[in-house]
Amino acid sequence: VINERDLESIGNIVPSWDSDNYPELNNADGINGADATGLYWALSYPEWRAIAYGIGDSDGTAVRSFPSSWWLRSPDDYGNYALAGWSGGGYFASLYLVDSSAYVVRPAFNLDLTSVLFTSDASTSSSGKSAATTTSGYQSAAQPTAARKFTFLDAYHAIDNQDGIKTPTLTLKSDALHFDFSGAPTGSANQYISGFMNDGSDDYYAKYVSTQTSATGNFNAATPGGGSLATGNYILHIFSEEANGYLYSDFASHSVDFTFNVNSGTVENLTLTSNSAFGLDGGSIALLSGGTFNQPWSLANGSTLTATGATFKPSSLSVHGKDNTITGNLNASGGTLNFYLPSNIAGTNTLLNVTGDADITGSTINIMKDGGVIGFSSLSTAAEINLITAGSLTVSSPFSYTSVTLYAGVALYSTAYDFALSDGSSGSLVATTTVTLYDPPPPPVVTPPVTPPPPPPVEPPPVEPPVVEPPAITSCTSSAKKPTATSTATSPATQ
């Protein structure tokens with residue numbers, strides 16, 4: 001079953017002429033005649049004969065049968081007619097011209113089997129992979145006997161990874177197959193982190209978690225959706241995928257591959273068999289003996305990696321926390337080593353112990369702080385931290401390294417931690433600490449603003465009353481006579 005996004009204009013690339021009508025089958029794959037061009041083509045008569053060979057179907061009926069009769073591209077004895085495949089499985093000379101629509105086109109194509117992760121039943125919407133949900137646990141993935149769908153490797157997931165196809169970065173949280181993941185494709189409702197597992201006799205498939213909205217998360221590959229694994233030996237492949245409907249193909253990343261066994265419910269002897277970016281956070285895992293592992297790795301919080309018999313040469317190795325162990329050899333020459341110091345680091349603590357030999361020639365070495373700017377609670381001047389201890393340690397000669405200064409504290413830059421590295425002659429890469437305490441700067445002096453005095457009162461200018469001129473007097477002449485006064489009073493002298 002081919003996804004509709006992969007079909008490319010089938011109608012205009014189907015050849016309809018074969019220069020050799022009925023040749024003998026004489027080349028390596030049993031197919032002869034003129035080469036067809038394009039991605040899809042109609043079968044020739046020799047190809048039609050060849051498809052039944054090697055599948056236990058002597059007359060080809062199972063493969064050749066189809067709901068409708070279908071065109072072959074070989075002509076018959078008449079120039080404008082072609083042979084056709086009969087719906088019942090045989091063939092016959094067409095009764096119709098080649099431009100007739102009486103028959104259907106049943107295209108053939110070349111399939112690169114190396115791009116197929118696995119096939120599954122597609123007979124119904126509730127069979128095979130389509131039956132699995134993130135809560136249903138492992139479902140049977142038996143080889144299909146009828147309609148089937150493919151899960152292909154797909155470059156749609158490409159970032160800088162193997163063969164240009166994106167693989168999620170897994171971090172094992174515990175020996176019980178509990179993983180964190182990052183870098184998964186997002187954006188589609190059909191995006192999942194999924195797994196395909198074999199117990200030595202049967203195949204199983206599970207959808208662990210949807211990644212539609214987040215490229216990071218976690219899942220438990222031992223008990224997805226509940227349940228437990230029976231005692232036995234297992235092979236497990238974990239991948240990101242676009243899981244489409246039952247009539248459509250699915251597309252997936254390269255898988256991260258493991259072997260392990262289960263004993264009374266306990267996962268044991270977990271071994272990574274694929275060269276994949278990986279991490280441990282308190283868990284333990286072994287590398288496949290004889291394998292080469294050169295992808296980025298991280299170890300954190302007391303993890304144990306067994307690399308005995310394997311070539312462990314990570315392009316970058318990040319070490320978080322204390323007491324991580326590599327059993328075997330470490331070749332980090334020319335790579336990057338990142339050491340993340342926890343807040344409770346102290347002198348004589350070891351971040352990474354390599355039981356075999358460690359080669360860090362030409363490595364870039366970074367010392368960083370886990371936990372932001374919070375200070376180190378137990379570091380003092382002259383404290384010696386073992387970044388790496390090993391059976392033997394090979395470093396660049398002459399050894400040169402610029403000391404690293406980390407700042408921390410409540411007040412910004414209140415404490416400085418300087419780390420100077422040894423030359424590794426003692427078999428250990430040691431960081432010697434110098435601690436410098438700085439008093440926080442005094443708060444700035446703030447001078448209150450000076451209030452200016454109020455302005456002096458302003459006396460209003462004196463107001464002079466206006467000068468009022470009296471009105472001018474004008475003389476008048478009257479013709480009236482002044483009255484004469486008459487007195488009747490008696491003079492005292494005459495009384």
# chains A, B, ... in the order shown; residues from 1 in each chain; ligands from 1
$ select_by_dssp --residues "range 226-324 of chain A" --states "strand (DSSP E)" --output "ChimeraX atom specification"
/A:232-242,250-252,256-263,266-272,278-281,284-287,292-293,297-300,304-306,311-312,316-320,324
$ closest_atom_pairs --of "range 100-186 of chain A" --to "range 199-214 of chain A" --cutoff "6 Å" --atoms "only C-alpha atoms" --output "Markdown table"
| residue | atom | partner | partner_atom | distance |
| --- | --- | --- | --- | --- |
| A:Thr133 | CA | A:Lys207 | CA | 5.8 |
| A:Thr134 | CA | A:Lys207 | CA | 5.0 |
| A:Gly137 | CA | A:Ala206 | CA | 5.7 |
| A:Tyr138 | CA | A:Ala206 | CA | 4.6 |
| A:Gln139 | CA | A:Tyr205 | CA | 5.2 |
| A:Ser140 | CA | A:Tyr204 | CA | 4.7 |
| A:Ala141 | CA | A:Tyr204 | CA | 4.8 |
| A:Ala142 | CA | A:Asp203 | CA | 5.8 |
| A:Thr186 | CA | A:Gln212 | CA | 4.7 |
$ write_last_selection --atoms "N, CA and C atoms" --output "mmCIF file, in the first residue's frame"
data_model
loop_
_atom_site.group_PDB
_atom_site.id
_atom_site.type_symbol
_atom_site.label_atom_id
_atom_site.label_comp_id
_atom_site.auth_asym_id
_atom_site.auth_seq_id
_atom_site.Cartn_x
_atom_site.Cartn_y
_atom_site.Cartn_z
ATOM 1 N N THR A 133 -2.695 1.927 20.044
ATOM 2 C CA THR A 133 -2.798 3.285 20.555
ATOM 3 C C THR A 133 -1.750 3.445 21.649
ATOM 4 N N THR A 134 -1.619 4.652 22.181
ATOM 5 C CA THR A 134 -0.624 4.888 23.227
ATOM 6 C C THR A 134 -1.019 4.253 24.551
ATOM 7 N N GLY A 137 -0.729 -0.857 24.735
ATOM 8 C CA GLY A 137 0.393 -1.762 24.928
ATOM 9 C C GLY A 137 0.831 -2.415 23.629
ATOM 10 N N TYR A 138 1.569 -3.496 23.757
ATOM 11 C CA TYR A 138 2.078 -4.183 22.573
ATOM 12 C C TYR A 138 0.972 -4.968 21.885
ATOM 13 N N GLN A 139 0.929 -4.815 20.540
ATOM 14 C CA GLN A 139 -0.030 -5.522 19.708
ATOM 15 C C GLN A 139 0.716 -6.502 18.803
ATOM 16 N N SER A 140 0.057 -7.597 18.460
ATOM 17 C CA SER A 140 0.667 -8.560 17.559
ATOM 18 C C SER A 140 0.987 -7.901 16.223
ATOM 19 N N ALA A 141 2.183 -8.187 15.707
ATOM 20 C CA ALA A 141 2.603 -7.669 14.400
ATOM 21 C C ALA A 141 3.029 -8.838 13.520
ATOM 22 N N ALA A 142 2.193 -9.859 13.497
ATOM 23 C CA ALA A 142 2.491 -11.048 12.701
ATOM 24 C C ALA A 142 2.576 -10.687 11.231
ATOM 25 N N THR A 186 7.575 16.899 15.352
ATOM 26 C CA THR A 186 6.315 17.380 15.920
ATOM 27 C C THR A 186 5.439 17.940 14.812
#
$ residues_around --residues "Gly217 in chain A" --least-positions-apart "4" --cutoff "8 Å" --atoms "only C-alpha atoms" --output "list in words"
Asp180, Phe181 and Ser182 of chain A
$ write_last_selection --atoms "N, CA and C atoms" --output "CSV table (one decimal), in the first residue's frame"
chain,number,residue,atom,x,y,z
A,180,ASP,N,13.8,8.9,28.7
A,180,ASP,CA,13.5,10.3,28.2
A,180,ASP,C,13.9,10.4,26.8
A,181,PHE,N,13.2,11.3,26.0
A,181,PHE,CA,13.6,11.5,24.6
A,181,PHE,C,13.6,12.9,24.3
A,182,SER,N,14.3,13.3,23.2
A,182,SER,CA,14.4,14.6,22.7
A,182,SER,C,14.6,14.6,21.2
$ residues_around --residues "His178 in chain A" --least-positions-apart "3" --cutoff "12 Å" --atoms "only C-alpha atoms" --output "ChimeraX atom specification"
/A:170-175,181,208,217-224,267,280-284
$ write_last_selection --atoms "all heavy atoms" --output "short mmCIF file (atom, residue, chain, number, x, y, z; two decimals), in the first residue's frame"
data_model
loop_
_atom_site.label_atom_id
_atom_site.label_comp_id
_atom_site.auth_asym_id
_atom_site.auth_seq_id
_atom_site.Cartn_x
_atom_site.Cartn_y
_atom_site.Cartn_z
N LEU A 170 17.65 9.20 22.87
CA LEU A 170 17.07 8.54 24.04
C LEU A 170 18.03 8.62 25.22
O LEU A 170 19.25 8.50 25.04
CB LEU A 170 16.76 7.08 23.74
CG LEU A 170 15.79 6.79 22.59
CD1 LEU A 170 15.56 5.29 22.47
CD2 LEU A 170 14.47 7.52 22.78
N THR A 171 17.48 8.81 26.40
CA THR A 171 18.25 8.75 27.65
C THR A 171 17.60 7.73 28.56
O THR A 171 16.43 7.88 28.93
CB THR A 171 18.29 10.12 28.34
OG1 THR A 171 18.94 11.07 27.49
CG2 THR A 171 19.06 10.04 29.65
N LEU A 172 18.34 6.68 28.90
CA LEU A 172 17.81 5.63 29.76
C LEU A 172 17.81 6.12 31.20
O LEU A 172 18.84 6.49 31.75
CB LEU A 172 18.67 4.37 29.62
CG LEU A 172 18.23 3.17 30.46
CD1 LEU A 172 16.90 2.63 29.96
CD2 LEU A 172 19.31 2.08 30.43
N LYS A 173 16.61 6.13 31.80
CA LYS A 173 16.47 6.60 33.18
C LYS A 173 16.67 5.49 34.20
O LYS A 173 17.03 5.75 35.34
CB LYS A 173 15.09 7.23 33.37
CG LYS A 173 14.82 8.41 32.47
CD LYS A 173 15.63 9.62 32.88
CE LYS A 173 15.13 10.21 34.19
NZ LYS A 173 15.85 11.45 34.55
N SER A 174 16.40 4.26 33.82
CA SER A 174 16.56 3.14 34.74
C SER A 174 16.72 1.87 33.92
O SER A 174 16.52 1.87 32.71
CB SER A 174 15.35 3.01 35.67
OG SER A 174 14.22 2.56 34.95
N ASP A 175 17.06 0.79 34.60
CA ASP A 175 17.24 -0.48 33.89
C ASP A 175 15.92 -1.09 33.47
O ASP A 175 15.90 -2.14 32.82
CB ASP A 175 18.00 -1.46 34.79
CG ASP A 175 19.39 -0.95 35.12
OD1 ASP A 175 19.88 -0.07 34.40
OD2 ASP A 175 19.98 -1.42 36.11
N PHE A 181 13.24 11.27 26.02
CA PHE A 181 13.60 11.45 24.63
C PHE A 181 13.61 12.93 24.28
O PHE A 181 12.98 13.76 24.94
CB PHE A 181 12.64 10.69 23.69
CG PHE A 181 11.23 11.24 23.66
CD1 PHE A 181 10.88 12.26 22.79
CD2 PHE A 181 10.26 10.73 24.51
CE1 PHE A 181 9.58 12.76 22.76
CE2 PHE A 181 8.97 11.22 24.49
CZ PHE A 181 8.63 12.24 23.61
N TYR A 208 4.34 4.34 21.87
CA TYR A 208 4.67 4.71 23.24
C TYR A 208 4.07 6.06 23.64
O TYR A 208 3.47 6.19 24.71
CB TYR A 208 6.18 4.75 23.42
CG TYR A 208 6.89 3.45 23.20
CD1 TYR A 208 8.04 3.39 22.42
CD2 TYR A 208 6.41 2.25 23.73
CE1 TYR A 208 8.70 2.20 22.19
CE2 TYR A 208 7.06 1.05 23.51
CZ TYR A 208 8.20 1.03 22.74
OH TYR A 208 8.85 -0.15 22.51
N GLY A 217 10.01 14.30 26.05
CA GLY A 217 9.07 13.61 26.93
C GLY A 217 9.68 12.34 27.47
O GLY A 217 10.91 12.20 27.52
N ASN A 218 8.85 11.40 27.89
CA ASN A 218 9.35 10.14 28.43
C ASN A 218 8.33 9.04 28.19
O ASN A 218 7.16 9.29 27.91
CB ASN A 218 9.65 10.28 29.93
CG ASN A 218 8.41 10.64 30.74
OD1 ASN A 218 7.58 9.79 31.07
ND2 ASN A 218 8.26 11.93 31.04
N PHE A 219 8.78 7.81 28.30
CA PHE A 219 7.91 6.64 28.14
C PHE A 219 8.59 5.43 28.76
O PHE A 219 9.80 5.44 29.02
CB PHE A 219 7.61 6.38 26.65
CG PHE A 219 8.82 6.08 25.82
CD1 PHE A 219 9.27 4.76 25.65
CD2 PHE A 219 9.54 7.10 25.20
CE1 PHE A 219 10.40 4.48 24.90
CE2 PHE A 219 10.66 6.81 24.45
CZ PHE A 219 11.09 5.51 24.30
N ASN A 220 7.81 4.38 28.96
CA ASN A 220 8.32 3.12 29.48
C ASN A 220 8.14 2.07 28.40
O ASN A 220 7.01 1.70 28.06
CB ASN A 220 7.59 2.72 30.76
CG ASN A 220 8.25 1.56 31.47
OD1 ASN A 220 8.88 0.70 30.83
ND2 ASN A 220 8.13 1.50 32.78
N ALA A 221 9.23 1.58 27.83
CA ALA A 221 9.15 0.62 26.73
C ALA A 221 8.88 -0.80 27.21
O ALA A 221 8.57 -1.67 26.41
CB ALA A 221 10.44 0.64 25.92
N ALA A 222 9.00 -1.04 28.51
CA ALA A 222 8.74 -2.39 29.02
C ALA A 222 7.25 -2.62 29.23
O ALA A 222 6.75 -3.72 29.00
CB ALA A 222 9.49 -2.62 30.32
N THR A 223 6.55 -1.59 29.65
CA THR A 223 5.12 -1.75 29.99
C THR A 223 4.30 -0.61 29.42
O THR A 223 3.63 0.11 30.17
CB THR A 223 4.94 -1.82 31.51
OG1 THR A 223 5.50 -0.63 32.12
CG2 THR A 223 5.63 -3.04 32.09
N PRO A 224 4.30 -0.36 28.12
CA PRO A 224 3.45 0.70 27.58
C PRO A 224 1.98 0.33 27.74
O PRO A 224 1.57 -0.77 27.39
CB PRO A 224 3.85 0.75 26.10
CG PRO A 224 4.32 -0.63 25.80
CD PRO A 224 4.99 -1.11 27.06
N VAL A 267 14.19 -6.56 33.93
CA VAL A 267 14.97 -6.42 32.71
C VAL A 267 16.45 -6.57 33.05
O VAL A 267 16.97 -5.91 33.95
CB VAL A 267 14.71 -5.06 32.04
CG1 VAL A 267 15.62 -4.87 30.83
CG2 VAL A 267 13.25 -4.94 31.63
N LEU A 280 22.63 8.11 29.47
CA LEU A 280 22.25 7.38 30.68
C LEU A 280 22.06 8.38 31.80
O LEU A 280 22.87 9.30 31.98
CB LEU A 280 23.33 6.37 31.08
CG LEU A 280 23.59 5.18 30.15
CD1 LEU A 280 24.79 4.39 30.64
CD2 LEU A 280 22.37 4.30 30.08
N ASP A 281 21.01 8.20 32.58
CA ASP A 281 20.78 9.04 33.75
C ASP A 281 20.47 8.12 34.93
O ASP A 281 19.32 7.84 35.24
CB ASP A 281 19.63 10.01 33.50
CG ASP A 281 19.45 11.01 34.64
OD1 ASP A 281 20.22 10.94 35.62
OD2 ASP A 281 18.55 11.86 34.55
N GLY A 282 21.53 7.62 35.55
CA GLY A 282 21.36 6.71 36.67
C GLY A 282 21.12 5.28 36.25
O GLY A 282 20.98 4.40 37.10
N GLY A 283 21.07 5.00 34.96
CA GLY A 283 20.84 3.64 34.48
C GLY A 283 22.14 2.97 34.10
O GLY A 283 23.24 3.50 34.28
N SER A 284 22.03 1.77 33.54
CA SER A 284 23.21 1.04 33.09
C SER A 284 22.87 0.32 31.79
O SER A 284 21.74 -0.12 31.58
CB SER A 284 23.66 0.02 34.15
OG SER A 284 22.65 -0.93 34.40
#
$ atom_distance --atom1 "CA of Ala252 in chain A" --atom2 "CA of Leu229 in chain A"
24.8 Å
$ residues_around --residues "Phe399 in chain A" --least-positions-apart "4" --cutoff "9 Å" --atoms "only C-alpha atoms" --output "PDB file with N, CA and C atoms, in the first residue's frame"
ATOM      1  N   VAL A 395      47.092  12.240  27.062  1.00  0.00           N
ATOM      2  CA  VAL A 395      46.704  13.621  26.790  1.00  0.00           C
ATOM      3  C   VAL A 395      47.646  14.188  25.746  1.00  0.00           C
ATOM      4  N   SER A 422      45.356  19.495  35.576  1.00  0.00           N
ATOM      5  CA  SER A 422      46.657  18.841  35.604  1.00  0.00           C
ATOM      6  C   SER A 422      46.990  18.291  34.221  1.00  0.00           C
ATOM      7  N   ASP A 423      48.202  17.785  34.057  1.00  0.00           N
ATOM      8  CA  ASP A 423      48.613  17.241  32.768  1.00  0.00           C
ATOM      9  C   ASP A 423      48.276  15.767  32.620  1.00  0.00           C
ATOM     10  N   GLY A 424      47.621  15.169  33.599  1.00  0.00           N
ATOM     11  CA  GLY A 424      47.209  13.786  33.496  1.00  0.00           C
ATOM     12  C   GLY A 424      48.305  12.776  33.754  1.00  0.00           C
TER      13      GLY A 424
END
$ atom_distance --atom1 "CA of Leu341 in chain A" --atom2 "CA of Asn294 in chain A"
24.2 Å
$ closest_residue --among "A:Thr271, A:Ser44, A:Thr415, A:Ser115" --to "Thr308 in chain A" --atoms "only C-alpha atoms"
A:Thr271
